[in-house]
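Asks: Structure supplied as upload-v4.cif; contents: mmCIF, C-alpha atoms.
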```cif
data_run
#
loop_
_atom_site.label_atom_id
_atom_site.label_comp_id
_atom_site.auth_asym_id
_atom_site.auth_seq_id
_atom_site.Cartn_x
_atom_site.Cartn_y
_atom_site.Cartn_z
CA MET A 1 0.79 -14.57 11.95
CA LEU A 2 -1.89 -11.89 12.24
CA ARG A 3 -3.19 -13.08 15.58
CA PRO A 4 0.08 -12.59 17.50
CA LEU A 5 0.55 -9.16 15.94
CA SER A 6 -2.97 -8.03 16.83
CA THR A 7 -2.58 -9.41 20.35
CA LEU A 8 0.65 -7.49 20.91
CA LEU A 9 -0.96 -4.35 19.54
CA LEU A 10 -3.89 -4.75 21.89
CA ALA A 11 -1.46 -5.14 24.80
CA ALA A 12 0.26 -1.93 23.76
CA LEU A 13 -3.05 -0.07 23.62
CA VAL A 14 -4.33 -1.17 27.01
CA LEU A 15 -1.05 -1.22 28.96
CA PRO A 16 -1.68 0.76 32.16
CA GLY A 17 -0.41 4.31 32.02
CA GLY A 18 1.09 3.90 35.47
CA ALA A 19 3.84 1.59 34.24
CA ARG A 20 7.12 2.92 35.57
CA ALA A 21 9.56 4.57 33.18
CA ALA A 22 7.18 4.08 30.23
CA ASP A 23 4.80 6.35 28.34
CA THR A 24 1.87 4.92 26.43
CA GLU A 25 -0.40 6.40 23.79
CA GLY A 26 -2.94 5.00 21.39
CA ALA A 27 -5.74 5.84 18.98
CA LEU A 28 -8.77 4.07 17.55
CA ARG A 29 -10.75 4.88 14.40
CA LEU A 30 -13.91 3.40 12.92
CA THR A 31 -15.17 4.42 9.46
CA THR A 32 -18.27 3.29 7.62
CA ARG A 33 -19.13 4.38 4.10
CA LEU A 34 -21.97 3.93 1.61
CA MET A 35 -20.56 4.04 -1.93
CA VAL A 36 -21.33 3.75 -5.62
CA ASP A 37 -18.67 1.86 -7.61
CA SER A 38 -18.60 2.02 -11.42
CA ASN A 39 -16.27 -1.00 -11.75
CA ALA A 40 -16.56 -3.26 -8.73
CA PRO A 41 -14.90 -6.26 -10.50
CA ARG A 42 -11.95 -3.98 -11.47
CA ASP A 43 -12.07 -5.35 -15.01
CA PHE A 44 -10.09 -4.26 -18.03
CA HIS A 45 -12.20 -3.97 -21.18
CA SER A 46 -11.93 -3.06 -24.85
CA SER A 47 -14.23 -1.32 -27.34
CA GLN A 48 -15.68 -4.74 -28.23
CA THR A 49 -16.56 -5.67 -24.65
CA PRO A 50 -19.06 -3.79 -22.46
CA ALA A 51 -17.94 -2.10 -19.28
CA PRO A 52 -19.17 -3.56 -15.97
CA LEU A 53 -22.43 -2.26 -14.53
CA PRO A 54 -22.20 0.12 -11.54
CA ASP A 55 -22.90 -1.27 -8.10
CA MET A 56 -23.62 -0.02 -4.61
CA GLY A 57 -21.63 -1.16 -1.64
CA LEU A 58 -21.01 -0.69 2.06
CA SER A 59 -17.53 -0.59 3.54
CA LEU A 60 -16.32 -0.70 7.13
CA LEU A 61 -12.80 -0.01 8.41
CA ALA A 62 -11.56 -0.30 12.00
CA ALA A 63 -8.02 0.80 12.81
CA GLY A 64 -5.98 1.00 15.97
CA GLU A 65 -2.44 2.02 16.78
CA GLY A 66 -0.43 2.21 19.95
CA ARG A 67 3.00 3.12 21.23
CA VAL A 68 4.89 2.24 24.40
CA THR A 69 8.07 4.21 25.06
CA GLY A 70 10.51 3.48 27.86
CA GLU A 71 13.91 4.82 28.76
CA SER A 72 15.65 2.82 26.02
CA LEU A 73 12.92 0.60 24.53
CA GLN A 74 10.03 1.41 22.20
CA LEU A 75 7.16 -0.71 20.87
CA VAL A 76 4.86 0.52 18.11
CA GLY A 77 1.92 -1.43 16.68
CA ARG A 78 -0.83 -0.90 14.11
CA TYR A 79 -3.79 -3.08 13.14
CA GLU A 80 -6.54 -2.59 10.55
CA LEU A 81 -9.61 -4.65 9.76
CA GLY A 82 -11.74 -3.73 6.77
CA GLY A 83 -14.60 -5.20 4.79
CA ARG A 84 -16.63 -4.34 1.73
CA LYS A 85 -20.04 -5.71 0.67
CA TYR A 86 -21.57 -5.29 -2.82
CA ILE A 87 -25.13 -5.86 -4.05
CA ARG A 88 -24.71 -6.77 -7.74
CA TYR A 89 -21.23 -8.34 -7.49
CA PRO A 90 -21.14 -10.41 -4.28
CA THR A 91 -18.07 -12.24 -5.64
CA GLU A 92 -16.17 -8.98 -5.03
CA ASP A 93 -17.00 -8.87 -1.32
CA VAL A 94 -13.75 -8.65 0.56
CA LEU A 95 -12.28 -8.86 4.05
CA VAL A 96 -8.81 -7.42 4.67
CA GLN A 97 -6.56 -7.50 7.72
CA ALA A 98 -3.27 -5.65 7.99
CA ALA A 99 -0.90 -5.43 10.93
CA ALA A 100 2.55 -4.09 11.68
CA LEU A 101 4.70 -4.28 14.78
CA GLU A 102 8.03 -2.63 15.47
CA GLY A 103 10.27 -2.86 18.51
CA SER A 104 13.55 -1.05 18.99
CA THR A 105 16.17 -0.31 21.61
CA ALA A 106 18.61 2.58 21.87
CA LEU A 107 22.34 1.91 21.50
CA GLY A 108 23.72 5.04 23.06
CA THR A 109 22.37 8.46 22.10
CA GLN A 110 22.43 8.20 18.28
CA LEU A 111 21.97 4.55 17.28
CA GLY A 112 19.00 2.24 17.52
CA LEU A 113 18.52 -1.46 16.77
CA GLY A 114 15.17 -3.04 16.15
CA VAL A 115 12.94 -5.61 14.49
CA GLU A 116 9.78 -5.08 12.49
CA GLY A 117 7.08 -7.32 11.08
CA ARG A 118 4.15 -6.75 8.76
CA ALA A 119 1.27 -8.85 7.52
CA LYS A 120 -1.62 -8.33 5.12
CA ASP A 121 -4.34 -10.89 4.48
CA ARG A 122 -6.96 -10.30 1.79
CA ARG A 123 -9.92 -12.66 1.33
CA GLY A 124 -12.48 -12.40 -1.45
CA GLY A 125 -12.68 -11.71 -5.16
CA SER A 126 -9.88 -12.68 -7.51
CA ARG A 127 -7.20 -10.96 -5.40
CA ASP A 128 -7.07 -13.44 -2.54
CA TYR A 129 -3.60 -13.35 -1.00
CA SER A 130 -1.42 -13.09 2.09
CA ASP A 131 1.67 -10.85 2.17
CA LEU A 132 4.14 -11.30 5.04
CA GLY A 133 7.46 -9.69 5.88
CA ALA A 134 9.93 -9.36 8.73
CA SER A 135 13.26 -7.58 9.07
CA VAL A 136 15.89 -6.21 11.41
CA PHE A 137 17.02 -2.61 11.15
CA LEU A 138 19.72 -0.24 12.32
CA GLU A 139 18.83 3.42 12.75
CA TYR A 140 21.11 6.46 13.02
CA VAL A 141 19.59 9.66 14.45
CA PRO A 142 22.30 12.21 15.29
CA ASP A 143 19.77 15.03 15.82
CA VAL A 144 16.12 15.94 15.19
CA ARG A 145 16.85 16.91 11.58
CA LEU A 146 18.41 13.72 10.26
CA ALA A 147 17.35 10.06 10.46
CA LEU A 148 18.80 7.12 8.52
CA ARG A 149 17.62 3.51 8.59
CA ILE A 150 18.92 0.37 6.86
CA ARG A 151 17.13 -2.96 7.04
CA ALA A 152 17.41 -6.58 5.93
CA GLY A 153 14.77 -9.25 6.10
CA ALA A 154 12.55 -11.83 4.43
CA HIS A 155 9.37 -11.61 2.34
CA ARG A 156 6.70 -14.25 1.69
CA PHE A 157 3.78 -13.88 -0.70
CA VAL A 158 0.94 -16.42 -1.10
CA TYR A 159 -1.58 -15.98 -3.93
CA ARG A 160 -4.44 -18.44 -3.41
CA PRO A 161 -6.08 -18.45 -6.88
CA ASP A 162 -2.79 -19.57 -8.49
CA TRP A 163 -0.03 -21.21 -6.44
CA GLN A 164 2.45 -20.58 -9.26
CA ALA A 165 2.51 -16.90 -8.20
CA ASN A 166 3.70 -17.73 -4.68
CA PHE A 167 7.20 -16.54 -3.85
CA GLY A 168 9.64 -16.08 -1.01
CA GLY A 169 12.92 -14.30 -0.73
CA SER A 170 15.21 -11.83 0.98
CA GLU A 171 14.99 -8.03 1.02
CA VAL A 172 17.26 -5.11 1.85
CA GLY A 173 16.34 -1.44 2.02
CA PHE A 174 17.12 2.00 3.34
CA LEU A 175 15.22 5.13 4.34
CA GLY A 176 16.66 8.58 4.95
CA ARG A 177 14.92 11.75 6.11
CA TYR A 178 16.27 15.27 6.45
CA ARG A 179 14.19 18.01 8.04
CA PHE A 180 15.31 21.44 6.83
CA ASN A 181 13.08 23.15 9.38
CA ARG A 182 9.72 22.48 10.99
CA ARG A 183 7.90 22.96 7.67
CA HIS A 184 10.14 21.43 5.00
CA SER A 185 11.54 17.90 4.85
CA LEU A 186 12.91 15.47 2.28
CA SER A 187 12.96 11.67 2.36
CA VAL A 188 14.69 9.16 0.09
CA PHE A 189 14.10 5.42 0.04
CA GLY A 190 15.19 2.29 -1.77
CA ASP A 191 14.44 -1.43 -1.57
CA TYR A 192 15.59 -4.55 -3.38
CA GLY A 193 14.11 -8.03 -3.12
CA ALA A 194 15.35 -11.34 -4.57
CA ARG A 195 12.24 -13.43 -5.18
CA ARG A 196 12.28 -17.19 -5.69
CA TYR A 197 9.43 -19.24 -7.15
CA SER A 198 8.78 -22.98 -7.18
CA VAL A 199 7.86 -23.08 -10.90
CA GLU A 200 9.91 -23.19 -14.06
CA ALA A 201 10.58 -19.90 -15.82
CA ARG A 202 8.29 -19.35 -18.80
CA LEU A 203 9.89 -19.52 -22.24
CA PRO A 204 9.11 -16.98 -25.00
CA PRO A 205 6.15 -17.83 -27.32
CA GLU A 206 8.47 -18.77 -30.20
CA GLY A 207 9.79 -21.38 -27.81
CA LEU A 208 13.08 -23.10 -27.28
CA GLU A 209 11.92 -26.69 -27.24
CA GLY A 210 13.87 -28.89 -24.93
CA PHE A 211 15.53 -25.88 -23.30
CA SER A 212 14.99 -24.87 -19.66
CA LEU A 213 15.70 -21.60 -17.89
CA GLY A 214 15.43 -23.25 -14.50
CA ARG A 215 13.28 -22.01 -11.66
CA ARG A 216 11.75 -18.59 -11.98
CA ARG A 217 13.68 -15.79 -10.25
CA ASP A 218 12.71 -12.11 -10.02
CA GLY A 219 14.56 -9.05 -8.83
CA ALA A 220 12.27 -6.34 -7.42
CA LEU A 221 13.78 -2.85 -7.18
CA ALA A 222 12.00 0.23 -5.83
CA ALA A 223 13.44 3.69 -5.18
CA GLY A 224 12.19 7.24 -4.83
CA ALA A 225 12.05 10.51 -2.96
CA THR A 226 9.36 12.47 -1.09
CA TYR A 227 9.18 16.18 -0.31
CA THR A 228 6.74 17.40 2.33
CA TYR A 229 5.62 20.84 3.46
CA ARG A 230 3.70 21.49 6.67
CA GLY A 231 2.21 24.97 6.92
CA PRO A 232 -1.17 26.60 6.26
CA VAL A 233 -1.44 23.91 3.56
CA ALA A 234 -0.04 20.39 3.95
CA LEU A 235 1.67 19.25 0.76
CA GLY A 236 3.48 16.11 -0.33
CA LEU A 237 5.19 15.17 -3.59
CA THR A 238 6.66 11.71 -4.31
CA TYR A 239 8.50 10.24 -7.26
CA SER A 240 9.07 6.48 -7.33
CA PHE A 241 10.58 4.00 -9.73
CA GLN A 242 9.81 0.30 -9.70
CA GLU A 243 11.44 -2.44 -11.73
CA ILE A 244 10.66 -6.14 -11.65
CA SER A 245 13.17 -8.05 -13.76
CA SER A 246 12.43 -11.73 -14.34
CA ASN A 247 13.92 -14.66 -16.21
CA SER A 248 10.32 -15.72 -16.93
CA PHE A 249 8.76 -14.35 -20.11
CA GLY A 250 6.10 -11.69 -19.61
CA GLU A 251 6.87 -10.92 -15.98
CA THR A 252 9.31 -8.00 -16.42
CA MET A 253 7.85 -4.56 -15.69
CA LEU A 254 9.15 -1.00 -15.27
CA ARG A 255 7.10 1.81 -13.77
CA HIS A 256 7.63 5.51 -13.09
CA ARG A 257 5.10 7.10 -10.77
CA LEU A 258 4.57 10.69 -9.61
CA SER A 259 2.09 11.32 -6.81
CA ALA A 260 1.00 14.40 -4.88
CA SER A 261 -1.22 15.10 -1.89
CA ALA A 262 -2.63 18.24 -0.29
CA GLY A 263 -4.66 19.10 2.79
CA LEU A 264 -6.40 22.42 3.29
CA ARG A 265 -8.67 23.94 5.91
CA LEU A 266 -11.82 25.48 4.41
CA PRO A 267 -14.52 27.67 5.98
CA TRP A 268 -17.13 26.11 8.31
CA HIS A 269 -14.53 23.72 9.79
CA VAL A 270 -14.35 21.70 6.57
CA THR A 271 -11.08 19.98 5.59
CA LEU A 272 -10.26 19.18 1.97
CA LEU A 273 -7.91 16.30 1.24
CA ALA A 274 -6.74 15.67 -2.32
CA GLN A 275 -4.46 13.02 -3.81
CA GLY A 276 -3.38 12.38 -7.37
CA ALA A 277 -0.95 10.11 -9.18
CA LEU A 278 0.35 9.62 -12.70
CA GLY A 279 2.18 6.49 -13.77
CA LEU A 280 4.05 5.32 -16.82
CA SER A 281 4.48 1.56 -17.15
CA ARG A 282 6.46 -0.44 -19.66
CA TYR A 283 6.44 -4.18 -20.29
CA PRO A 284 9.49 -5.15 -22.40
CA ASP A 285 7.94 -8.52 -23.35
CA GLY A 286 4.60 -6.96 -24.23
CA ILE A 287 1.49 -7.30 -22.10
CA TYR A 288 1.06 -10.68 -20.49
CA LEU A 289 -1.59 -10.50 -17.77
CA SER A 290 -0.02 -12.82 -15.23
CA PRO A 291 -1.42 -12.95 -11.68
CA GLU A 292 1.34 -10.61 -10.47
CA ILE A 293 0.56 -8.01 -13.13
CA VAL A 294 -3.15 -8.23 -12.32
CA LEU A 295 -2.26 -7.49 -8.70
CA LEU A 296 0.01 -4.64 -9.76
CA GLU A 297 -2.86 -3.13 -11.73
CA GLU A 298 -5.02 -2.62 -8.66
CA ASP A 299 -5.98 0.93 -7.75
CA GLU A 300 -2.58 1.74 -6.26
CA GLY A 301 -1.00 1.05 -9.65
CA GLN A 302 -3.30 3.30 -11.69
CA ASN A 303 -3.44 6.93 -12.65
CA SER A 304 -5.71 8.28 -9.97
CA LEU A 305 -7.39 11.29 -8.42
CA SER A 306 -9.21 11.31 -5.09
CA LEU A 307 -10.96 14.07 -3.17
CA LYS A 308 -12.42 14.04 0.33
CA LEU A 309 -14.32 16.64 2.32
CA ALA A 310 -14.52 16.07 6.07
CA ARG A 311 -16.36 18.06 8.74
CA PRO A 312 -16.49 17.34 12.48
CA MET A 313 -19.96 16.71 13.91
CA GLY A 314 -18.68 16.58 17.45
CA GLU A 315 -15.54 15.88 19.43
CA HIS A 316 -15.18 12.34 18.12
CA LEU A 317 -17.35 12.14 14.99
CA ASP A 318 -16.70 13.33 11.41
CA VAL A 319 -18.90 13.21 8.32
CA GLU A 320 -17.11 12.67 5.00
CA LEU A 321 -17.83 12.96 1.27
CA SER A 322 -15.38 11.28 -1.09
CA TYR A 323 -14.77 10.71 -4.79
CA SER A 324 -12.03 8.69 -6.50
CA LEU A 325 -11.13 8.16 -10.14
CA TYR A 326 -8.74 5.44 -11.37
CA GLY A 327 -7.74 4.69 -14.93
CA THR A 328 -5.09 3.42 -17.29
CA ARG A 329 -4.70 2.05 -20.81
CA LEU A 330 -2.66 -0.80 -22.22
CA PRO A 331 -1.89 0.38 -25.78
CA ARG A 332 -0.54 -2.84 -27.24
CA ASN A 333 -3.80 -4.75 -26.80
CA GLU A 334 -6.19 -1.78 -26.55
CA LEU A 335 -7.36 -2.75 -23.07
CA SER A 336 -8.43 0.09 -20.79
CA TYR A 337 -9.35 0.39 -17.15
CA LEU A 338 -11.67 2.96 -15.59
CA ARG A 339 -13.14 3.01 -12.11
CA GLN A 340 -15.02 5.73 -10.26
CA VAL A 341 -16.08 5.50 -6.61
CA ALA A 342 -18.22 8.07 -4.79
CA GLY A 343 -19.33 7.75 -1.20
CA VAL A 344 -20.59 9.31 2.00
CA GLY A 345 -19.41 8.10 5.38
CA LEU A 346 -18.93 8.64 9.09
CA THR A 347 -15.70 8.33 11.07
CA TRP A 348 -15.60 7.86 14.83
CA ARG A 349 -12.25 8.38 16.49
CA MET A 350 -10.74 8.60 19.94
#
```
Show this structure as structure tokens.
Replies:
Amino acid sequence: MLRPLSTLLLAALVLPGGARAADTEGALRLTTRLMVDSNAPRDFHSSQTPAPLPDMGLSLLAAGEGRVTGESLQLVGRYELGGRKYIRYPTEDVLVQAAALEGSTALGTQLGLGVEGRAKDRRGGSRDYSDLGASVFLEYVPDVRLALRIRAGAHRFVYRPDWQANFGGSEVGFLGRYRFNRRHSLSVFGDYGARRYSVEARLPPEGLEGFSLGRRRDGALAAGATYTYRGPVALGLTYSFQEISSNSFGETMLRHRLSASAGLRLPWHVTLLAQGALGLSRYPDGIYLSPEIVLLEEDEGQNSLSLKLARPMGEHLDVELSYSLYGTRLPRNELSYLRQVAGVGLTWRM
């Protein structure tokens, strides 16, 4: 599925600018970074088990995006290809591809109808999976201040280390944005997915011998709101709630998450970018480290803080210094997670 998406994106990027009644624009970015990672395997550990040894690595990320806009049609595409290579932990070497494509057509002056597709493919380490989705959407944009979108589609997830974690299902969602003025805006979002698995639901440890709950079924709910400010300082604040309710023991999870971001211009043409997040997770059945929960506990699911300093070295080249801290604790079994990553890199863009 990734090849057609990347091909369409490439077509969008190189489409001649002389096409009648259509405007095209695109951007390319290439980033390479040398980093030190304190927990390359992303392991949880306790006071009785030693923490992983730090490791050095090299990462490379190439990203492209393009847009073609006609009188009533619009095509938008994005594609990213990234890799990471470690010295001490070569089993954690990874190659990731991600792509998204969206096409829409105007229905009059305020309505739009479109389709969108997304794909992510991760190879390497213990988190080897493909995540695919497609949907149709209806958008209502009465003026520049308000935009509403509802969507419905399908989701497919394939986890290669354990086929029992594979699922498919339907999804519905909405996104609304209101722009108070050119500096202040508010967005709200919500999604619900009905996930179906090909395995039997897991019974509680005390067991109900001879009893069956049938096939595993999950309901995945996510909702939240984002406030953004664009002025001398760029600010963003997001609250999100996620609930995965399952008829399979150990797979139910609830999470509250508050995240913030800021961007600030400093002297000597230096830009400071900062991001932080705090999360509170609850597992009603206790902690059962299923493949899905392991995936949830990647960096995006942790308490985190990241800082980046960037300075242009020319019209198309930036030098960057970055530091990230991720951590959490699972109180019921005294497992903790801590990861620090520091790096220096170069970004070429056009």
Asks: Around range 189-207 of chain A, with edges along x, y and z and 3 Å added on all six sides, what centre and edge lengths do you get, in Å to one decimal, as AutoDock Vina command-line options?
Replies:
```
--center_x 10.9 --center_y -8.9 --center_z -15.1 --size_x 15.4 --size_y 34.6 --size_z 36.2
```
Asks: Using the chain letters and numbers from this file, what does the PyMOL selection byres ((chain A and resi 308) around 6) select? Give the answer as number ranges by chain.
Replies: A: 272-273, 307, 309, 321-322
Asks: Do a neighbour search on Phe241 in chain A at 8 Å with only C-alpha atoms, toss out local chain neighbours closer than 5 positions, and write the hits as a list in words.
Replies: Leu221, Ala222, Ala223, Gly224, Leu254, Arg255, His256 and Arg257 of chain A
Asks: When distances are computed from all atoms listed in the file, which of A:His269, A:Gly176, A:Arg183, A:Arg118 shows the smallest separation from Phe157 in chain A?
Replies: A:Arg118
Asks: Take the PyMOL selection byres ((chain A and resi 99-111) around 9), run it mentally on this structure, and tell me the resulting residues as a CSV table (one decimal) with C-alpha atoms, in the frame of the given file.
Replies:
```csv
chain,number,residue,atom,x,y,z
A,2,LEU,CA,-1.9,-11.9,12.2
A,5,LEU,CA,0.6,-9.2,15.9
A,6,SER,CA,-3.0,-8.0,16.8
A,8,LEU,CA,0.6,-7.5,20.9
A,9,LEU,CA,-1.0,-4.4,19.5
A,71,GLU,CA,13.9,4.8,28.8
A,72,SER,CA,15.6,2.8,26.0
A,73,LEU,CA,12.9,0.6,24.5
A,74,GLN,CA,10.0,1.4,22.2
A,75,LEU,CA,7.2,-0.7,20.9
A,76,VAL,CA,4.9,0.5,18.1
A,77,GLY,CA,1.9,-1.4,16.7
A,78,ARG,CA,-0.8,-0.9,14.1
A,79,TYR,CA,-3.8,-3.1,13.1
A,80,GLU,CA,-6.5,-2.6,10.6
A,81,LEU,CA,-9.6,-4.6,9.8
A,97,GLN,CA,-6.6,-7.5,7.7
A,98,ALA,CA,-3.3,-5.6,8.0
A,112,GLY,CA,19.0,2.2,17.5
A,113,LEU,CA,18.5,-1.5,16.8
A,114,GLY,CA,15.2,-3.0,16.2
A,115,VAL,CA,12.9,-5.6,14.5
A,116,GLU,CA,9.8,-5.1,12.5
A,117,GLY,CA,7.1,-7.3,11.1
A,118,ARG,CA,4.2,-6.8,8.8
A,119,ALA,CA,1.3,-8.8,7.5
A,120,LYS,CA,-1.6,-8.3,5.1
A,137,PHE,CA,17.0,-2.6,11.2
A,138,LEU,CA,19.7,-0.2,12.3
A,139,GLU,CA,18.8,3.4,12.8
A,140,TYR,CA,21.1,6.5,13.0
A,141,VAL,CA,19.6,9.7,14.4
A,142,PRO,CA,22.3,12.2,15.3
A,143,ASP,CA,19.8,15.0,15.8
```
Asks: For Ala194 in chain A, which residue out of A:Asp162, A:Ser246, A:Asn181, A:Leu305 is the nearest one, using all atoms listed in the file?
Replies: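 Among the listed residues, the smallest separation from Ala194 in chain A belongs to A:Ser246.
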Asks: Run the PyMOL selection byres ((chain A and resi 182) around 12) on the file and write out the hits as a PyMOL selection string.
Replies: chain A and resi 144-145+178-181+183-186+228-231
Asks: I need the residue nearest Leu148 in chain A from this list: A:Ala63, A:Leu175, A:Leu317, A:Ala310. Use only C-alpha atoms for the distance.
Replies: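 Going through A:Ala63, A:Leu175, A:Leu317, A:Ala310 one by one, the smallest distance to Leu148 in chain A is for A:Leu175.
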Asks: Could you pull the residues within 6 Å of range 27-36 of chain A, counting all atoms listed in the file, minus those fewer than 4 positions along the same chain, as a list in words?
Replies: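 So, after excluding close chain neighbours, the residues are Asp55, Met56, Gly57, Leu58, Ser59, Leu60, Leu61, Ala62, Ala63, Gly64, Glu65, Val341, Ala342, Gly343, Val344, Gly345, Leu346, Thr347, Trp348, Arg349 and Met350 of chain A.
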Asks: Would you mind reading off the distance between CA of Ser187 in chain A and CA of Ala225 in chain A, one decimal, in Å?
Replies: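 Taking CA of Ser187 in chain A and CA of Ala225 in chain A, their separation equals 5.5 Å.
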Asks: So how many Å separate CA of Ser240 in chain A and CA of Ala220 in chain A, to one decimal?
Replies: 13.2 Å
